[in-house]
Structures are given as C-alpha cells and as structure tokens.
Amino acid sequence: MAYQPLKLDPGLPPHVTKLIRSRVESYFRDVHTMLRLPLPDNDLLAGCNFAITQILTSVVGGVSATLYGEKGHKGRLFKEVLRKFYPWSLESANPVKPGRGAEIIYTLFRNPLTHELGLDPPNKPVGQKIIVKRLSSENKTKGLPEKTIEQIETDANLVTRTATITIDSVETLLLVERFYWGVRTMIENLSRDSIRMHQAELSLMSRFFRVTNRLPAPTNVTDEPE
C-alpha cells in the first residue's frame, strides 16, 4: 500500500474535486514521504518537523482562502476553517477548545514558521516552550514505517491518542502526525458542506474564465492583522 487518498464527499463539484486531488493532495504526498524520515542508514538524518508543519499550515491557509471563503483577512479565514472543520471533537486526550486551538496554531506555529524562521513569537506565554514534535520508532532514530503512516491517514487513534496540541506548565506542544491527520480530516469535513463547496465551485470557474480570457483577478484577501 501507499498514500491513502482523502475520503471526499461523493457529490463534490468537479472543479473543487480537481483542486483538492491535484493540488492539496500533492502536498499531502510530500508529507507522507517525509514522515518516513529520518533514515540514518541512507544518511538522511532530518525528521522534517518544521518543514511538515509549515506545509500543513500552508495547506490550511490555501484551503481557507479558496474553498472556505474568499473575502476577509487571511488570518481570520485561517482560524475560522480550523475552528469550524478541524476534528477537535475526535481528540480524546484532553483536547483544547476549537477557538483556542485555532488561535494557537495560527499565532504560535504558523506565523513564526512563515515569517520568523520558527523563532518564538513576542506573544508567547511567559515561561512556555513552543515545541513541534514527531513520533518516532526504533529508539527515536528512524521515521515511521509505511504501514503506520497509512494508519495515520485513515485513523490516527490506531497510532496515537495524543491530541494535536498539548499544554502544560512548561510547554505548548504540537504533534506533527496528529496535525497531519487533523488537516486531512478538516478537508474531508469541509467537502461535506454543500453550500460552501457550491460557492467554491463558482469561484474556481470564475478564476478559470479570467485566466483563459487574460483578465486581472480582483484581490479580496489581505494579510493584514485583525
């Protein structure tokens, strides 16, 4: 077996389906491969913790601006799609509430990795460490076996029940593999929102028309702070 495709709503419109299958899942296939790392026997020693997290937050941002909604600040759209469609309710190990979880991912992980090389943000909780963690196998020296990655893509609880975000007195931790499962599930959930998917289909058709007719696309999304 290999990469496990997303389980999208069967009634998903064609342009939306094509966007997810051709663009979004290209990112996920990269993540699938990186979860095999490190492979010290091949002198591949990096675990790609930051790289995977940055890819996944980029997917959230892209999906929020193309499939969830077009108008509004990027930060607001990013947090809204996480709050409404990320599978917070399926996390059994002391999960954070949806609003807080979305805010943490945006301010403590997405923004620092995108804009500041992963440096701690100024609004980091006092005394807290911000940690991006990977699962590991074989005495923490190797990445995950193929079967384990496939299980994460279908049911993360088969691998770990640790929540996406865990917070204690000394650290705020994001578990990469759980976040991968969560972002995948978020998109599957969003694909079942027929009204939003219809609106996204119309928007994608309009974009295609503008491209083929060489018309400039209007800018509705900004990256200004809220």
# chains A, B, ... in the order shown; residues from 1 in each chain; ligands from 1
>>> residues_around(residues="Asp9 in chain A", least_positions_apart="4", cutoff="8 Å", atoms="only C-alpha atoms", output="list in words")
Glu188, Ser191 and Arg192 of chain A
>>> closest_atom_pairs(of="range 117-223 of chain A", to="range 19-41 of chain A", cutoff="10 Å", atoms="only C-alpha atoms", output="tab-separated table")
residue	atom	partner	partner_atom	distance
A:Arg134	CA	A:Leu35	CA	8.6
A:Leu135	CA	A:Leu35	CA	9.0
A:Ser136	CA	A:Pro38	CA	8.9
A:Ser137	CA	A:Pro38	CA	9.9
A:Lys140	CA	A:Pro38	CA	9.3
A:Thr141	CA	A:Pro38	CA	6.9
A:Lys142	CA	A:Pro38	CA	4.9
A:Gly143	CA	A:Leu37	CA	4.3
A:Leu144	CA	A:Arg36	CA	5.0
A:Pro145	CA	A:Arg36	CA	6.3
A:Glu146	CA	A:Arg36	CA	7.1
A:Thr148	CA	A:Arg36	CA	9.6
A:Ile149	CA	A:His32	CA	6.9
A:Glu150	CA	A:His32	CA	8.4
A:Ile152	CA	A:His32	CA	9.7
A:Glu153	CA	A:His32	CA	8.8
A:Val176	CA	A:Leu35	CA	9.2
A:Glu177	CA	A:Leu35	CA	8.0
A:Tyr180	CA	A:Val31	CA	8.1
A:Val183	CA	A:Phe28	CA	9.7
A:Arg184	CA	A:Phe28	CA	8.3
A:Ile187	CA	A:Ile20	CA	8.8
A:Ser191	CA	A:Ile20	CA	9.7
A:Glu201	CA	A:Leu19	CA	9.9
A:Leu204	CA	A:Leu19	CA	8.9
>>> closest_residue(among="A:Pro98, A:Gly61, A:Ile195, A:Asp120", to="His73 in chain A", atoms="only C-alpha atoms")
A:Gly61
>>> residues_around(residues="Met186 in chain A", least_positions_apart="3", cutoff="9 Å", atoms="only C-alpha atoms", output="list in words")
Val60, Val81, Leu82, Lys84, Phe85, Tyr86, Pro87, Trp181, Gly182, Val183, Asn189, Leu190 and Ser191 of chain A
>>> select_by_dssp(residues="range 25-199 of chain A", states="strand (DSSP E or B)", output="MDAnalysis selection string")
chainID A and resid 39 44 72:73 93 129:133 137 142 162 165:167 171:175
>>> residues_around(residues="Thr164 in chain A", least_positions_apart="4", cutoff="6 Å", atoms="only C-alpha atoms", output="PDB file with N, CA and C atoms, in the first residue's frame")
ATOM      1  N   LEU A 174       2.937  20.730  19.679  1.00  0.00           N
ATOM      2  CA  LEU A 174       2.144  20.300  18.526  1.00  0.00           C
ATOM      3  C   LEU A 174       2.707  18.979  18.025  1.00  0.00           C
ATOM      4  N   LEU A 175       1.853  17.960  17.938  1.00  0.00           N
ATOM      5  CA  LEU A 175       2.273  16.649  17.442  1.00  0.00           C
ATOM      6  C   LEU A 175       2.038  16.595  15.937  1.00  0.00           C
ATOM      7  N   ARG A 178      -0.394  13.926  14.311  1.00  0.00           N
ATOM      8  CA  ARG A 178      -1.797  14.189  14.640  1.00  0.00           C
ATOM      9  C   ARG A 178      -2.315  15.396  13.843  1.00  0.00           C
ATOM     10  N   PHE A 179      -1.467  16.385  13.669  1.00  0.00           N
ATOM     11  CA  PHE A 179      -1.843  17.563  12.886  1.00  0.00           C
ATOM     12  C   PHE A 179      -2.078  17.174  11.433  1.00  0.00           C
TER      13      PHE A 179
END
>>> select_by_dssp(residues="range 63-214 of chain A", states="alpha helix (DSSP H)", output="JSON, numbers by chain")
{"A": [63, 74, 75, 76, 77, 78, 79, 80, 81, 82, 83, 84, 85, 98, 99, 100, 101, 102, 103, 104, 111, 112, 113, 114, 115, 146, 147, 148, 149, 150, 151, 152, 153, 154, 176, 177, 178, 179, 180, 181, 182, 183, 184, 185, 186, 187, 188, 189, 190, 194, 195, 196, 197, 198, 199, 200, 201, 202, 203, 204, 205, 206, 207, 208, 209, 210, 211, 212]}
>>> write_last_selection(atoms="C-alpha atoms", output="CSV table (one decimal), in the first residue's frame")
chain,number,residue,atom,x,y,z
A,63,VAL,CA,-7.9,25.9,1.7
A,74,LYS,CA,-6.2,35.7,5.8
A,75,GLY,CA,-5.7,35.3,9.5
A,76,ARG,CA,-9.4,35.3,10.2
A,77,LEU,CA,-10.1,32.8,7.4
A,78,PHE,CA,-7.3,30.5,8.6
A,79,LYS,CA,-8.6,30.4,12.2
A,80,GLU,CA,-12.2,30.1,11.2
A,81,VAL,CA,-11.7,27.0,9.0
A,82,LEU,CA,-9.7,25.3,11.8
A,83,ARG,CA,-12.3,26.2,14.4
A,84,LYS,CA,-15.3,25.0,12.4
A,85,PHE,CA,-13.9,22.0,10.5
A,98,PRO,CA,-11.7,24.8,18.9
A,99,GLY,CA,-11.3,28.5,19.2
A,100,ARG,CA,-8.2,28.3,21.4
A,101,GLY,CA,-6.7,25.5,19.3
A,102,ALA,CA,-7.1,27.6,16.1
A,103,GLU,CA,-5.5,30.6,17.7
A,104,ILE,CA,-2.6,28.6,19.0
A,111,ASN,CA,3.2,32.8,11.9
A,112,PRO,CA,6.6,32.1,13.4
A,113,LEU,CA,7.4,29.4,10.8
A,114,THR,CA,6.2,31.6,8.0
A,115,HIS,CA,7.6,34.9,9.0
A,146,GLU,CA,4.9,2.8,5.8
A,147,LYS,CA,2.0,0.9,7.5
A,148,THR,CA,2.0,3.3,10.4
A,149,ILE,CA,1.8,6.3,8.1
A,150,GLU,CA,-1.1,4.7,6.2
A,151,GLN,CA,-2.9,4.2,9.6
A,152,ILE,CA,-2.4,7.9,10.4
A,153,GLU,CA,-4.0,8.8,7.1
A,154,THR,CA,-7.1,6.7,7.9
A,176,VAL,CA,3.1,16.6,13.7
A,177,GLU,CA,1.4,13.3,12.8
A,178,ARG,CA,-1.8,14.2,14.6
A,179,PHE,CA,-1.8,17.6,12.9
A,180,TYR,CA,-1.4,15.8,9.5
A,181,TRP,CA,-4.4,13.6,10.3
A,182,GLY,CA,-6.4,16.6,11.5
A,183,VAL,CA,-5.8,18.7,8.5
A,184,ARG,CA,-6.8,15.8,6.2
A,185,THR,CA,-10.0,15.3,8.2
A,186,MET,CA,-10.7,19.0,8.2
A,187,ILE,CA,-10.7,19.0,4.4
A,188,GLU,CA,-12.9,15.9,4.3
A,189,ASN,CA,-15.4,17.6,6.7
A,190,LEU,CA,-15.3,20.8,4.6
A,194,SER,CA,-22.5,21.6,0.1
A,195,ILE,CA,-23.2,25.3,0.3
A,196,ARG,CA,-19.6,26.3,0.7
A,197,MET,CA,-18.5,23.8,-1.9
A,198,HIS,CA,-21.0,25.2,-4.4
A,199,GLN,CA,-19.7,28.7,-3.8
A,200,ALA,CA,-16.1,27.5,-4.1
A,201,GLU,CA,-17.0,25.8,-7.4
A,202,LEU,CA,-18.4,29.1,-8.8
A,203,SER,CA,-15.3,30.9,-7.7
A,204,LEU,CA,-13.0,28.4,-9.3
A,205,MET,CA,-15.0,28.5,-12.5
A,206,SER,CA,-14.7,32.3,-12.5
A,207,ARG,CA,-11.0,32.1,-11.9
A,208,PHE,CA,-10.6,29.8,-14.9
A,209,PHE,CA,-12.6,32.2,-17.0
A,210,ARG,CA,-10.4,35.1,-16.0
A,211,VAL,CA,-7.2,33.2,-16.8
A,212,THR,CA,-8.4,32.0,-20.2
